[in-house]
$ cat final.txt   # compact mmCIF, C-alpha atoms
# COMPACT_ATOMS: atom_id res chain seq x y z
CA MET Q 34 63.82 16.37 21.07
CA LYS Q 35 60.83 15.57 23.20
CA LEU Q 36 57.76 14.74 21.10
CA SER Q 37 55.22 13.82 23.65
CA LYS Q 38 54.90 13.76 27.29
CA SER Q 39 53.55 10.39 28.27
CA LYS Q 40 51.62 10.32 31.42
CA ARG Q 41 49.79 7.30 32.68
CA SER Q 42 46.27 8.08 33.73
CA HIS Q 43 44.46 5.83 36.18
CA SER Q 44 40.92 7.02 35.36
CA LEU Q 45 38.79 4.98 32.87
CA GLY Q 46 38.17 7.19 29.82
CA PHE Q 47 34.91 6.77 27.91
CA SER Q 48 35.23 7.97 24.34
CA MET Q 49 31.91 9.05 22.90
CA THR Q 50 33.08 9.43 19.30
CA PRO Q 51 33.31 5.75 18.25
CA MET Q 52 30.05 5.03 20.04
CA ILE Q 53 28.24 7.75 18.10
CA ASP Q 54 29.86 6.49 14.90
CA ILE Q 55 28.52 2.99 15.50
CA VAL Q 56 25.06 4.22 16.49
CA PHE Q 57 24.71 6.30 13.35
CA LEU Q 58 26.06 3.45 11.25
CA LEU Q 59 23.32 1.20 12.68
CA ILE Q 60 20.67 3.83 11.99
CA ILE Q 61 21.81 4.07 8.36
CA PHE Q 62 21.77 0.28 8.05
CA PHE Q 63 18.20 -0.04 9.31
CA LEU Q 64 16.95 2.86 7.25
CA THR Q 65 18.50 1.43 4.10
CA ALA Q 66 17.10 -2.02 4.81
CA SER Q 67 13.61 -0.60 5.31
CA GLN Q 68 13.93 1.34 2.06
CA PHE Q 69 14.66 -1.91 0.19
CA THR Q 70 11.58 -3.50 1.72
CA ARG Q 71 9.42 -0.63 0.56
CA ASP Q 72 10.85 -0.84 -2.94
CA LEU Q 73 9.56 -4.40 -3.23
CA GLN Q 74 6.12 -2.92 -3.75
CA HIS Q 75 5.44 -2.53 -7.39
CA PRO Q 76 5.38 1.15 -8.40
CA LEU Q 77 1.88 1.93 -9.66
CA SER Q 78 -0.23 4.98 -10.18
CA LEU Q 79 -3.16 4.05 -7.98
CA ALA Q 80 -6.76 5.22 -8.31
CA ARG Q 81 -7.49 8.53 -6.59
CA VAL Q 82 -10.57 8.71 -4.43
CA ALA Q 83 -11.96 11.62 -2.44
CA HIS Q 84 -13.83 9.82 0.35
CA GLY Q 85 -14.52 6.34 1.64
CA ALA Q 86 -10.98 4.96 1.91
CA VAL Q 87 -9.53 3.85 5.23
CA GLN Q 88 -6.11 3.09 6.65
CA PRO Q 89 -4.58 -0.02 5.05
CA VAL Q 90 -4.80 -3.37 6.81
CA THR Q 91 -2.18 -6.10 6.71
CA THR Q 92 -2.83 -8.60 3.95
CA GLU Q 93 -1.40 -12.03 3.15
CA VAL Q 94 -1.12 -11.67 -0.63
CA THR Q 95 -0.83 -8.57 -2.82
CA PHE Q 96 -1.81 -8.65 -6.47
CA ASN Q 97 -0.28 -5.79 -8.46
CA MET Q 98 -1.70 -5.02 -11.87
CA ASP Q 99 -0.09 -2.44 -14.11
CA LYS Q 100 -1.74 -0.18 -16.70
CA ASP Q 101 -1.62 -2.93 -19.31
CA GLY Q 102 -3.28 -5.45 -17.02
CA ILE Q 103 -0.07 -7.42 -16.42
CA LEU Q 104 -0.09 -9.18 -13.08
CA PHE Q 105 2.82 -9.04 -10.60
CA VAL Q 106 3.02 -10.93 -7.33
CA SER Q 107 6.02 -10.30 -5.03
CA GLY Q 108 7.83 -8.54 -7.86
CA GLU Q 109 7.40 -11.47 -10.24
CA GLN Q 110 5.37 -11.24 -13.44
CA LEU Q 111 2.79 -14.02 -13.49
CA THR Q 112 -0.07 -15.21 -15.62
CA LEU Q 113 -3.48 -15.38 -13.99
CA ARG Q 114 -3.27 -19.16 -13.85
CA SER Q 115 0.14 -19.21 -12.13
CA ALA Q 116 -0.86 -16.41 -9.75
CA ILE Q 117 -3.92 -18.36 -8.66
CA ALA Q 118 -1.81 -21.52 -8.30
CA LYS Q 119 0.60 -19.61 -6.09
CA LEU Q 120 -2.29 -18.30 -4.01
CA GLU Q 121 -3.74 -21.80 -3.60
CA GLN Q 122 -0.35 -23.09 -2.54
CA LYS Q 123 -0.02 -20.35 0.05
CA ARG Q 124 -3.51 -20.97 1.34
CA ASN Q 125 -2.88 -24.70 1.67
CA LEU Q 126 0.37 -24.07 3.52
CA ARG Q 127 -1.31 -21.80 6.00
CA GLY Q 128 -4.28 -24.15 6.33
CA ARG Q 129 -6.73 -21.32 6.70
CA ASP Q 130 -10.29 -20.79 5.69
CA ALA Q 131 -10.25 -19.09 2.28
CA SER Q 132 -12.97 -16.65 3.19
CA ARG Q 133 -10.72 -15.18 5.88
CA PHE Q 134 -7.70 -14.89 3.59
CA ARG Q 135 -6.82 -11.22 3.11
CA ILE Q 136 -6.04 -10.19 -0.44
CA GLU Q 137 -4.80 -6.76 -1.47
CA LEU Q 138 -5.51 -5.59 -5.00
CA ARG Q 139 -3.16 -2.84 -6.20
CA CYS Q 140 -4.27 -1.84 -9.68
CA ASP Q 141 -3.02 1.00 -11.79
CA ARG Q 142 -5.77 3.56 -12.27
CA ARG Q 143 -5.50 3.19 -16.06
CA CYS Q 144 -5.75 -0.59 -15.92
CA PRO Q 145 -8.66 -1.94 -17.98
CA THR Q 146 -11.19 -3.94 -15.99
CA ASP Q 147 -11.10 -7.04 -18.21
CA PRO Q 148 -8.15 -8.71 -16.40
CA VAL Q 149 -9.42 -7.44 -13.03
CA ASN Q 150 -12.79 -9.09 -13.65
CA ARG Q 151 -11.12 -12.38 -14.58
CA LEU Q 152 -9.02 -12.21 -11.41
CA ILE Q 153 -12.05 -11.48 -9.24
CA GLU Q 154 -13.92 -14.42 -10.80
CA ARG Q 155 -11.06 -16.78 -10.03
CA LEU Q 156 -10.72 -15.48 -6.47
CA SER Q 157 -14.43 -16.03 -5.99
CA GLU Q 158 -14.10 -19.62 -7.23
CA LEU Q 159 -11.43 -20.14 -4.58
CA GLY Q 160 -13.89 -19.05 -1.91
CA ILE Q 161 -12.38 -15.64 -1.24
CA ARG Q 162 -15.09 -13.21 -0.21
CA GLN Q 163 -13.29 -9.88 0.14
CA VAL Q 164 -10.47 -7.91 -1.44
CA PHE Q 165 -8.83 -4.71 -0.23
CA VAL Q 166 -8.46 -2.27 -3.11
CA SER Q 167 -5.50 0.10 -2.71
CA VAL Q 168 -6.14 3.74 -3.57
CA THR Q 169 -4.64 7.15 -2.85
CA ASP Q 170 -6.28 10.32 -1.63
CA ASP Q 171 -7.51 12.69 -4.30
CA MET G 226 59.29 21.24 19.03
CA LYS G 227 56.01 21.05 20.83
CA LEU G 228 53.40 19.00 18.93
CA SER G 229 50.68 18.61 21.44
CA ASN G 230 49.50 20.69 24.27
CA HIS G 231 47.09 18.06 25.43
CA ARG G 232 47.47 16.86 28.91
CA ASN G 233 45.27 14.75 31.10
CA HIS G 234 44.44 16.54 34.26
CA GLY G 235 43.10 14.66 37.17
CA SER G 236 40.22 17.10 37.60
CA ALA G 237 39.06 16.87 33.91
CA SER G 238 35.92 14.93 33.02
CA PRO G 239 36.69 11.32 31.88
CA ILE G 240 33.99 11.55 29.11
CA GLU G 241 34.94 13.95 26.39
CA LEU G 242 32.74 14.62 23.40
CA SER G 243 34.43 15.41 20.14
CA MET G 244 32.06 17.76 18.36
CA THR G 245 33.93 17.77 15.07
CA ALA G 246 33.47 14.06 14.44
CA MET G 247 29.85 14.20 15.48
CA ILE G 248 29.06 17.08 13.14
CA ASP G 249 30.80 15.18 10.33
CA VAL G 250 28.57 12.18 10.88
CA VAL G 251 25.42 14.26 11.26
CA PHE G 252 26.05 16.01 7.95
CA LEU G 253 26.77 12.65 6.33
CA LEU G 254 23.42 11.44 7.62
CA LEU G 255 21.68 14.55 6.36
CA ILE G 256 23.15 14.10 2.88
CA PHE G 257 22.12 10.43 2.95
CA PHE G 258 18.50 11.35 3.70
CA LEU G 259 18.42 14.08 1.09
CA VAL G 260 19.77 11.79 -1.61
CA THR G 261 17.77 8.67 -0.85
CA SER G 262 14.42 10.10 0.19
CA LYS G 263 11.60 10.20 -2.30
CA ILE G 264 8.07 11.49 -1.94
CA VAL G 265 5.65 8.59 -1.72
CA GLN G 266 1.92 9.22 -1.59
CA PRO G 267 0.37 7.33 1.31
CA GLU G 268 -1.83 4.42 0.29
CA ARG G 269 -5.29 3.74 1.65
CA GLN G 270 -7.71 0.90 1.09
CA VAL G 271 -11.33 0.29 0.18
CA ALA G 272 -12.75 -3.09 1.14
CA ALA G 273 -14.89 -4.73 -1.53
CA ASP G 274 -16.84 -7.97 -1.21
CA ILE G 275 -16.73 -10.43 -4.07
CA ARG G 276 -20.03 -11.76 -5.35
CA ALA G 277 -19.07 -13.28 -8.69
CA GLU G 278 -21.68 -16.04 -8.44
CA MET G 279 -24.43 -13.44 -8.22
CA ALA G 280 -23.28 -11.36 -11.15
CA SER G 281 -26.00 -12.42 -13.50
CA GLY G 282 -28.63 -13.57 -11.05
CA ASN G 283 -30.81 -11.89 -8.48
CA LEU G 284 -28.83 -9.76 -6.11
CA VAL G 285 -31.00 -9.89 -3.06
CA SER G 286 -33.95 -11.97 -1.97
CA THR G 287 -36.06 -8.98 -0.85
CA ASP G 288 -38.53 -7.07 -3.02
CA LEU G 289 -36.61 -3.84 -2.50
CA GLN G 290 -34.59 -2.43 -5.37
CA PRO G 291 -30.88 -3.00 -4.60
CA ALA G 292 -28.33 -0.20 -4.82
CA LEU G 293 -26.70 -1.47 -7.97
CA ILE G 294 -24.32 0.69 -9.96
CA GLU G 295 -23.60 -0.67 -13.41
CA ILE G 296 -20.42 0.60 -15.02
CA THR G 297 -20.10 0.00 -18.73
CA HIS G 298 -18.08 1.33 -21.61
CA SER G 299 -20.29 2.61 -24.38
CA GLY G 300 -19.56 4.87 -27.33
CA GLY G 301 -16.08 5.76 -26.13
CA THR G 302 -17.23 6.92 -22.69
CA THR G 303 -17.90 5.27 -19.37
CA VAL G 304 -21.55 5.10 -18.37
CA PHE G 305 -22.77 4.76 -14.79
CA GLN G 306 -26.28 3.51 -14.19
CA LEU G 307 -28.17 3.43 -10.91
CA GLY G 308 -31.78 2.40 -11.41
CA ALA G 309 -33.28 4.82 -13.90
CA ILE G 310 -30.36 7.26 -13.62
CA ARG G 311 -27.91 6.88 -16.46
CA THR G 312 -24.98 9.29 -16.52
CA SER G 313 -21.38 9.69 -17.58
CA ARG G 314 -20.54 11.52 -14.33
CA LEU G 315 -20.17 9.40 -11.23
CA LEU G 316 -20.81 12.41 -8.98
CA ASP G 317 -24.42 12.51 -10.25
CA LEU G 318 -25.06 9.30 -8.32
CA LYS G 319 -23.85 10.62 -5.00
CA THR G 320 -27.13 12.16 -3.85
CA PRO G 321 -29.31 9.15 -4.81
CA LEU G 322 -26.88 6.86 -3.00
CA VAL G 323 -26.90 8.97 0.14
CA GLN G 324 -30.72 9.12 0.08
CA PHE G 325 -31.06 5.36 -0.37
CA SER G 326 -33.47 4.05 2.26
CA ASP G 327 -32.11 0.60 3.13
CA LYS G 328 -28.35 0.49 3.35
CA SER G 329 -28.12 -2.69 5.39
CA GLU G 330 -28.20 -4.90 2.29
CA GLY G 331 -25.10 -3.16 0.97
CA ALA G 332 -24.38 -1.76 -2.45
CA PHE G 333 -23.31 -3.56 -5.61
CA VAL G 334 -21.00 -2.40 -8.35
CA ARG G 335 -21.27 -4.41 -11.53
CA VAL G 336 -18.22 -3.77 -13.67
CA GLY G 337 -18.18 -4.33 -17.40
CA ASP G 338 -15.03 -4.86 -19.41
CA GLU G 339 -12.93 -2.05 -20.92
CA VAL G 340 -13.62 0.39 -18.09
CA SER G 341 -10.66 2.07 -16.39
CA PHE G 342 -10.08 0.78 -12.90
CA GLU G 343 -10.03 4.23 -11.34
CA GLN G 344 -13.73 4.71 -12.03
CA VAL G 345 -14.50 1.37 -10.39
CA ALA G 346 -12.49 2.26 -7.29
CA GLN G 347 -14.20 5.64 -7.13
CA ALA G 348 -17.64 4.03 -7.38
CA ILE G 349 -16.84 1.58 -4.57
CA ALA G 350 -15.47 4.40 -2.41
CA MET G 351 -18.52 6.54 -3.11
CA CYS G 352 -20.85 3.76 -1.93
CA LYS G 353 -18.76 3.42 1.24
CA SER G 354 -18.87 7.14 1.92
CA ALA G 355 -22.66 7.14 1.29
CA GLY G 356 -22.99 4.87 4.32
CA PHE G 357 -23.44 1.39 2.85
CA VAL G 358 -22.25 -1.33 5.19
CA SER G 359 -20.69 -3.38 2.42
CA VAL G 360 -19.95 -2.90 -1.24
CA SER G 361 -19.78 -5.90 -3.55
CA TYR G 362 -17.76 -6.08 -6.73
CA LEU G 363 -19.61 -7.96 -9.45
CA PRO G 364 -17.55 -8.76 -12.53
CA GLY G 365 -19.64 -8.13 -15.63
CA ASP G 366 -20.25 -10.61 -18.39
$ encode --input "final.txt" --output "structure tokens"
Amino acid sequence: MKLSKSKRSHSLGFSMTPMIDIVFLLIIFFLTASQFTRDLQHPLSLARVAHGAVQPVTTEVTFNMDKDGILFVSGEQLTLRSAIAKLEQKRNLRGRDASRFRIELRCDRRCPTDPVNRLIERLSELGIRQVFVSVTDD
Amino acid sequence: MKLSNHRNHGSASPIELSMTAMIDVVFLLLIFFLVTSKIVQPERQVAADIRAEMASGNLVSTDLQPALIEITHSGGTTVFQLGAIRTSRLLDLKTPLVQFSDKSEGAFVRVGDEVSFEQVAQAIAMCKSAGFVSVSYLPGD
């Protein structure tokens, strides 16, 4: 019984199938990795504004504040004191002028202003002169 | 018994594309996107200056009246005050802000406690859209 007819070919065959497999595997890897990065942002229902907002700029530190006024920095729940200490540490490491330090403030739209005011006061004491308030389009 | 009819011909192209495997992978990718994707509203930003040290003092050194919006919580509602205008609707302040003569000094938003943050963000954004160069956030007492 003859099962296959073996014939030696001298031409170099280039199989596209494994290459496409690998390419798509890489695409899936990068897309998944980028999804994880995005998920690091704390999910909040941001304030909705009709006009006046601009495209976001890159910031060094992001303060997230939920609807109960609880503060999160890099996914970690912090008190105001520890958040400010962390910010000071970061500023000292970078060795930059505080007034040029870019801070993003992501507050839930239902968040009461009491903790926001305390945070702003402390940032001002540190010499920070501007914050970027995150909002969504109405 | 003949199992395969495949034979390499010398004239055939050396690169062969297997469509079946590619369609398998493409559908896998499509399912992956459909399962993992979620609708995220794009974020934007409003820049606000911090002037905490001026919260209770004089805002500007000139004799001109500054564009100062005071947001307070009174009687269960949020009250916005710009000069003599006192209202519970922020939109009522839009026209006076647009008509403000000197916008180079910037606008100020003094925020009392117990106000929802959305109204503060909307007030800052409204000042920006009215043409003020800068908007300062003043934490209230």
$ closest_residue --input "final.txt" --among "G:Ser361, G:Ala292, G:Leu254, G:Leu318" --to "Q:Phe62" --atoms "all atoms listed in the file"
G:Leu254
$ closest_atom_pairs --input "final.txt" --of "stretch 59-127 of chain Q" --to "stretch 263-278 of chain G" --cutoff "12 Å" --atoms "all atoms listed in the file" --output "CSV"
residue,atom,partner,partner_atom,distance
Q:Gln68,CA,G:Lys263,CA,10.1
Q:Arg71,CA,G:Val265,CA,10.2
Q:Asp72,CA,G:Val265,CA,10.8
Q:Gln74,CA,G:Glu268,CA,11.5
Q:Pro76,CA,G:Val265,CA,10.0
Q:Leu77,CA,G:Gln266,CA,10.9
Q:Ser78,CA,G:Gln266,CA,9.8
Q:Leu79,CA,G:Glu268,CA,8.4
Q:Ala80,CA,G:Glu268,CA,9.9
Q:Arg81,CA,G:Arg269,CA,9.8
Q:Val82,CA,G:Arg269,CA,9.5
Q:Ala83,CA,G:Arg269,CA,11.1
Q:His84,CA,G:Val271,CA,9.9
Q:Gly85,CA,G:Val271,CA,7.0
Q:Ala86,CA,G:Val271,CA,5.0
Q:Val87,CA,G:Gln270,CA,5.4
Q:Gln88,CA,G:Arg269,CA,5.1
Q:Pro89,CA,G:Arg269,CA,5.1
Q:Val90,CA,G:Gln270,CA,7.7
Q:Thr91,CA,G:Gln270,CA,10.5
Q:Thr92,CA,G:Gln270,CA,11.1
$ closest_residue --input "final.txt" --among "G:Ile248, G:Val358, G:Leu293, G:Met351" --to "chain Q" --atoms "only C-alpha atoms"
G:Met351
$ closest_residue --input "final.txt" --among "Q:Ile153, Q:Leu111, Q:Val164, Q:Ile117" --to "Q:Ser132" --atoms "all atoms listed in the file"
Q:Val164
$ interface_residues --input "final.txt" --of "chain Q" --to "chain G" --cutoff "7 Å" --atoms "all atoms listed in the file" --output "ChimeraX atom specification"
/Q:34,36-37,44-50,80-82,84-89,142-147,150,153-154,157,162-169
$ axis_aligned_box --input "final.txt" --around "stretch 333-348 of chain G" --padding-each-side "5 Å" --output "JSON"
{"center_x": -16.7, "center_y": 0.4, "center_z": -13.3, "size_x": 23.3, "size_y": 20.5, "size_z": 25.3}
$ atom_distance --input "final.txt" --atom1 "atom CA of G:Glu295" --atom2 "atom CA of G:Asp317"
13.6 Å
$ atom_distance --input "final.txt" --atom1 "atom CA of Q:Ala116" --atom2 "atom CA of Q:Val149"
12.8 Å
$ atom_distance --input "final.txt" --atom1 "atom CA of G:Phe333" --atom2 "atom CA of G:Gly300"
23.6 Å
$ residues_near_point --input "final.txt" --point "(-29.4, -4.3, -1.6)" --cutoff "7 Å" --atoms "only C-alpha atoms" --output "number ranges by chain"
G: 285, 290-292, 328, 330-332
$ residues_near_point --input "final.txt" --point "(0.1, -4.2, -4.8)" --cutoff "9 Å" --atoms "only C-alpha atoms" --output "ChimeraX atom specification"
/Q:74-77,94-98,105-107,137-140,166-167
$ decode --input "final.txt" --residues "stretch 332-350 of chain G" --atoms "C-alpha atoms" --output "PDB file, in the first residue's frame"
ATOM      1  CA  ALA G 332     -12.000  84.701  36.623  1.00  0.00           C
ATOM      2  CA  PHE G 333     -12.264  83.298  40.130  1.00  0.00           C
ATOM      3  CA  VAL G 334     -14.459  80.533  41.435  1.00  0.00           C
ATOM      4  CA  ARG G 335     -14.760  80.460  45.197  1.00  0.00           C
ATOM      5  CA  VAL G 336     -16.094  77.088  46.276  1.00  0.00           C
ATOM      6  CA  GLY G 337     -17.827  76.524  49.568  1.00  0.00           C
ATOM      7  CA  ASP G 338     -18.132  73.151  51.243  1.00  0.00           C
ATOM      8  CA  GLU G 339     -20.955  70.668  50.590  1.00  0.00           C
ATOM      9  CA  VAL G 340     -21.337  71.603  46.930  1.00  0.00           C
ATOM     10  CA  SER G 341     -21.262  68.830  44.332  1.00  0.00           C
ATOM     11  CA  PHE G 342     -18.096  68.868  42.284  1.00  0.00           C
ATOM     12  CA  GLU G 343     -19.929  68.811  38.962  1.00  0.00           C
ATOM     13  CA  GLN G 344     -21.241  72.327  39.519  1.00  0.00           C
ATOM     14  CA  VAL G 345     -17.731  73.561  40.283  1.00  0.00           C
ATOM     15  CA  ALA G 346     -16.334  71.976  37.122  1.00  0.00           C
ATOM     16  CA  GLN G 347     -19.181  73.467  35.102  1.00  0.00           C
ATOM     17  CA  ALA G 348     -18.536  76.928  36.545  1.00  0.00           C
ATOM     18  CA  ILE G 349     -14.823  76.722  35.704  1.00  0.00           C
ATOM     19  CA  ALA G 350     -15.605  75.503  32.182  1.00  0.00           C
TER      20      ALA G 350
END
